[in-house]
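Peer 1: Quick one: structure below, then a few questions.
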Amino acid sequence: MRIAVTGGSGRLGVSVVNHLASRGHEVHSLDRAASGLISSADHAVRQHTLDLADSAAAKDALGAIQPEGVVHLAAIAVPFSAPEDVILRTNVQLCFSVLSAAVDAGASRVLVASSPTVLGYGTPQGWSPQYLPIDEEHPITPWNAYALSKATLEATVRMFVAQLGDSVRFGAFRPCFVISPEEWRGAPTQQGHTVAERLARPELASVSLFNYVDARDAAGFVERWLEAAEQIPNGEVFFVGADDAMARGPLSELVPQYFPGTEGISAHLTGTQAAFTSAKALRLLGWRPQRSWRTELEGEPLAATSVHLS
C-alpha cells in the first residue's frame, strides 16, 4: 500500500514510518524537517519537507503522492508548549487541511491521532474517572487547548464520515503516553524526565492514570487499522495503550492516592492491569500490545530475555 504519514519525523511518526516500510509498504513521510532516525537503508521511504499548515502545500503534496492510506500524526504535540490559541488553531487547521487533501488525492482510508487528554484529566478543578478501566465510551471533558483540539479532530472525523459515507474509511486513535525506543535506553520523554524517573516518582505518571504505549506497538496498531479499515464500522475511535500500568505498584492502591474517592472503582484493577483498556482494538482489529516497560526498560531483569510477538 502507498501510505502518507504526516508528522513522520515525530516521536510516534518515526516508529510508524519505519514499521510500515519494514512491512513492505511504500511510505511517504511529510514533516517540516527530515529525520535521521528514519531508516535510510530502506528505499521504500521517501521524506518530504513542507509546512502542512499551508493547506495548498498539503494538497499539492498529497495530490502528487496519490496515497491509498493517510496517517495524520502532525500536530503541536505537547499541551502548553505554545500559546493556547496557537495550539488550537494549528492543530485544528492541520487536521482539516490534511483530511481534505487526502480525500481530494483519492485516499481510501484516513487515520488520525487523537489523545487520551480529551478525557479531561489534569484539570485544576479536579477530575476523577467515572469508572475503571476506561474505554472509548467514557465521557470527555477537555479543559485545555491541546485536549480541545484533539476532541475537535475526532469531531472532524465524524463530519467527514457524515459527508462522504463509506466511500472513504476514517478512524481516530488515542495513543497513550508514547515511549519511543530510545527512551527505553534513557533518553528523556516528552515531559523531560526519563522512564526510570517516571517509575520512581509515581506523581509524574499519576495525572494520566499511569498510561503509556510503546511507539512500535502503536505503529502496529496503525498498520492493522489500515489493513482492516473496510471491515469495521467507519469513524471508530480507539484507545491504544499497554496492557499494564506505568507503575511498580498495583493501581488499586495507587489511583485512590491521587484521585480521592475512587477506592471502589479502583478495586476492579487487579495485579498490573492498566487504567485504560484497548479491548475494542482487540475485538474489532485483532490488535493487542506486545511490549511492556518490564521487558523494554534498559536495566530491568526481564529486558534481556523478552520475546516480542509480531
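A note on labels: chains of the C-alpha cells are A, B, ... as shown, every chain counts residues from 1, and ligands are counted from 1 in their shown order.
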Any idea what's packed within 9 Å of Arg224 (chain A), counting only C-alpha atoms, ignoring anything in its chain fewer than 5 positions away? Could you give it as a list of chain:residue names?
Peer 2: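 The neighbour list is A:Ala219, A:Ala229, A:Leu285, A:Gly286, A:Trp287.
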Peer 1: What lies within 10 Å of Ser128 (chain A) using only C-alpha atoms, ignoring chain neighbours under 5 positions off, as a PyMOL selection string?
Peer 2: chain A and resi 119-123+207+209+255-256+258-262
Peer 1: Could you write those residues out with C-alpha atoms, as a short mmCIF file (atom, residue, chain, number, x, y, z; two decimals), in the first residue's frame?
Peer 2:
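What landed in out_38.cif:
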data_model
loop_
_atom_site.label_atom_id
_atom_site.label_comp_id
_atom_site.auth_asym_id
_atom_site.auth_seq_id
_atom_site.Cartn_x
_atom_site.Cartn_y
_atom_site.Cartn_z
CA LEU A 119 -10.97 12.84 28.94
CA GLY A 120 -10.06 15.92 30.94
CA TYR A 121 -7.54 14.60 33.43
CA GLY A 122 -5.21 17.14 34.99
CA THR A 123 -7.77 19.95 35.22
CA VAL A 207 -2.07 12.67 36.29
CA LEU A 209 -3.51 7.41 35.34
CA VAL A 255 -5.13 5.51 41.92
CA PRO A 256 -7.02 6.32 45.18
CA TYR A 258 -4.08 10.63 43.66
CA PHE A 259 -7.83 10.54 42.92
CA PRO A 260 -9.63 10.50 46.28
CA GLY A 261 -12.94 8.71 46.32
CA THR A 262 -12.01 6.15 43.65
#
Peer 1: Find the residue from A:Val14, A:Ile140, A:Ala64, A:Ala102 that sits nearest to Ser35 (chain A); use only C-alpha atoms when measuring.
Peer 2: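 For Ser35 (chain A), the nearest of the candidates is A:Val14.
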Peer 1: For the atom pair CA of Val98 (chain A) and CA of Glu26 (chain A), what is the interatomic distance in Å to one decimal place?
Peer 2: 18.9 Å
Peer 1: Find the residue from A:Val45, A:Ala82, A:Val92, A:Ile76 that sits nearest to Ser22 (chain A); use only C-alpha atoms when measuring.
Peer 2: A:Val45
Peer 1: Can you work out the spacing between CA of Ala274 (chain A) and CA of Ser149 (chain A) in Å, to one decimal?
Peer 2: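 Going from CA of Ala274 (chain A) over to CA of Ser149 (chain A), I get 25.5 Å.
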Peer 1: At most 12 Å is the cut-off: for each residue in region 174-250 of chain A with any atom that close to an atom of region 151-164 of chain A, write down the nearest atom pair and the distance in Å rounded to one decimal, counting only C-alpha atoms, chain first then increasing number, as a Markdown table.
Peer 2:
| residue | atom | partner | partner_atom | distance |
| --- | --- | --- | --- | --- |
| A:Arg174 | CA | A:Glu154 | CA | 9.9 |
| A:Pro233 | CA | A:Val161 | CA | 10.5 |
| A:Asn234 | CA | A:Val161 | CA | 7.0 |
| A:Gly235 | CA | A:Arg158 | CA | 6.1 |
| A:Glu236 | CA | A:Arg158 | CA | 8.8 |
| A:Val237 | CA | A:Glu154 | CA | 7.8 |
| A:Phe238 | CA | A:Glu154 | CA | 10.8 |
Peer 1: As a PyMOL selection string, list the residues of region 214-245 of chain A assigned to helix (DSSP H, G or I) by DSSP on the backbone atoms of this structure.
Peer 2: chain A and resi 215-231
Peer 1: Would you save the residues from that selection as a PDB file, in the first residue's frame, using N, CA and C atoms?
Peer 2:
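Output (selection_0.pdb):
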ATOM      1  N   ALA A 215       5.986   3.001  21.204  1.00  0.00           N
ATOM      2  CA  ALA A 215       5.723   3.571  19.881  1.00  0.00           C
ATOM      3  C   ALA A 215       5.620   2.499  18.812  1.00  0.00           C
ATOM      4  N   ARG A 216       6.367   1.414  18.957  1.00  0.00           N
ATOM      5  CA  ARG A 216       6.313   0.337  17.966  1.00  0.00           C
ATOM      6  C   ARG A 216       5.007  -0.429  18.034  1.00  0.00           C
ATOM      7  N   ASP A 217       4.439  -0.559  19.233  1.00  0.00           N
ATOM      8  CA  ASP A 217       3.129  -1.185  19.350  1.00  0.00           C
ATOM      9  C   ASP A 217       2.055  -0.299  18.709  1.00  0.00           C
ATOM     10  N   ALA A 218       2.165   1.018  18.933  1.00  0.00           N
ATOM     11  CA  ALA A 218       1.219   1.937  18.294  1.00  0.00           C
ATOM     12  C   ALA A 218       1.344   1.865  16.783  1.00  0.00           C
ATOM     13  N   ALA A 219       2.574   1.707  16.277  1.00  0.00           N
ATOM     14  CA  ALA A 219       2.782   1.558  14.836  1.00  0.00           C
ATOM     15  C   ALA A 219       2.120   0.292  14.319  1.00  0.00           C
ATOM     16  N   GLY A 220       2.174  -0.768  15.113  1.00  0.00           N
ATOM     17  CA  GLY A 220       1.493  -1.994  14.728  1.00  0.00           C
ATOM     18  C   GLY A 220      -0.007  -1.811  14.661  1.00  0.00           C
ATOM     19  N   PHE A 221      -0.550  -1.005  15.580  1.00  0.00           N
ATOM     20  CA  PHE A 221      -1.985  -0.691  15.513  1.00  0.00           C
ATOM     21  C   PHE A 221      -2.312   0.035  14.216  1.00  0.00           C
ATOM     22  N   VAL A 222      -1.490   1.016  13.848  1.00  0.00           N
ATOM     23  CA  VAL A 222      -1.731   1.788  12.628  1.00  0.00           C
ATOM     24  C   VAL A 222      -1.803   0.860  11.419  1.00  0.00           C
ATOM     25  N   GLU A 223      -0.840  -0.043  11.314  1.00  0.00           N
ATOM     26  CA  GLU A 223      -0.856  -0.967  10.184  1.00  0.00           C
ATOM     27  C   GLU A 223      -2.108  -1.837  10.184  1.00  0.00           C
ATOM     28  N   ARG A 224      -2.462  -2.338  11.364  1.00  0.00           N
ATOM     29  CA  ARG A 224      -3.643  -3.214  11.437  1.00  0.00           C
ATOM     30  C   ARG A 224      -4.904  -2.458  11.053  1.00  0.00           C
ATOM     31  N   TRP A 225      -5.020  -1.193  11.489  1.00  0.00           N
ATOM     32  CA  TRP A 225      -6.203  -0.415  11.111  1.00  0.00           C
ATOM     33  C   TRP A 225      -6.239  -0.199   9.593  1.00  0.00           C
ATOM     34  N   LEU A 226      -5.120   0.129   8.994  1.00  0.00           N
ATOM     35  CA  LEU A 226      -5.080   0.340   7.549  1.00  0.00           C
ATOM     36  C   LEU A 226      -5.494  -0.921   6.799  1.00  0.00           C
ATOM     37  N   GLU A 227      -5.085  -2.061   7.315  1.00  0.00           N
ATOM     38  CA  GLU A 227      -5.438  -3.326   6.670  1.00  0.00           C
ATOM     39  C   GLU A 227      -6.919  -3.645   6.795  1.00  0.00           C
ATOM     40  N   ALA A 228      -7.510  -3.310   7.942  1.00  0.00           N
ATOM     41  CA  ALA A 228      -8.867  -3.770   8.253  1.00  0.00           C
ATOM     42  C   ALA A 228      -9.929  -2.684   8.149  1.00  0.00           C
ATOM     43  N   ALA A 229      -9.563  -1.486   7.714  1.00  0.00           N
ATOM     44  CA  ALA A 229     -10.488  -0.348   7.755  1.00  0.00           C
ATOM     45  C   ALA A 229     -11.811  -0.620   7.052  1.00  0.00           C
ATOM     46  N   GLU A 230     -11.784  -1.377   5.983  1.00  0.00           N
ATOM     47  CA  GLU A 230     -13.013  -1.621   5.226  1.00  0.00           C
ATOM     48  C   GLU A 230     -13.885  -2.702   5.856  1.00  0.00           C
ATOM     49  N   GLN A 231     -13.365  -3.390   6.877  1.00  0.00           N
ATOM     50  CA  GLN A 231     -14.141  -4.464   7.514  1.00  0.00           C
ATOM     51  C   GLN A 231     -14.751  -4.051   8.852  1.00  0.00           C
TER      52      GLN A 231
END
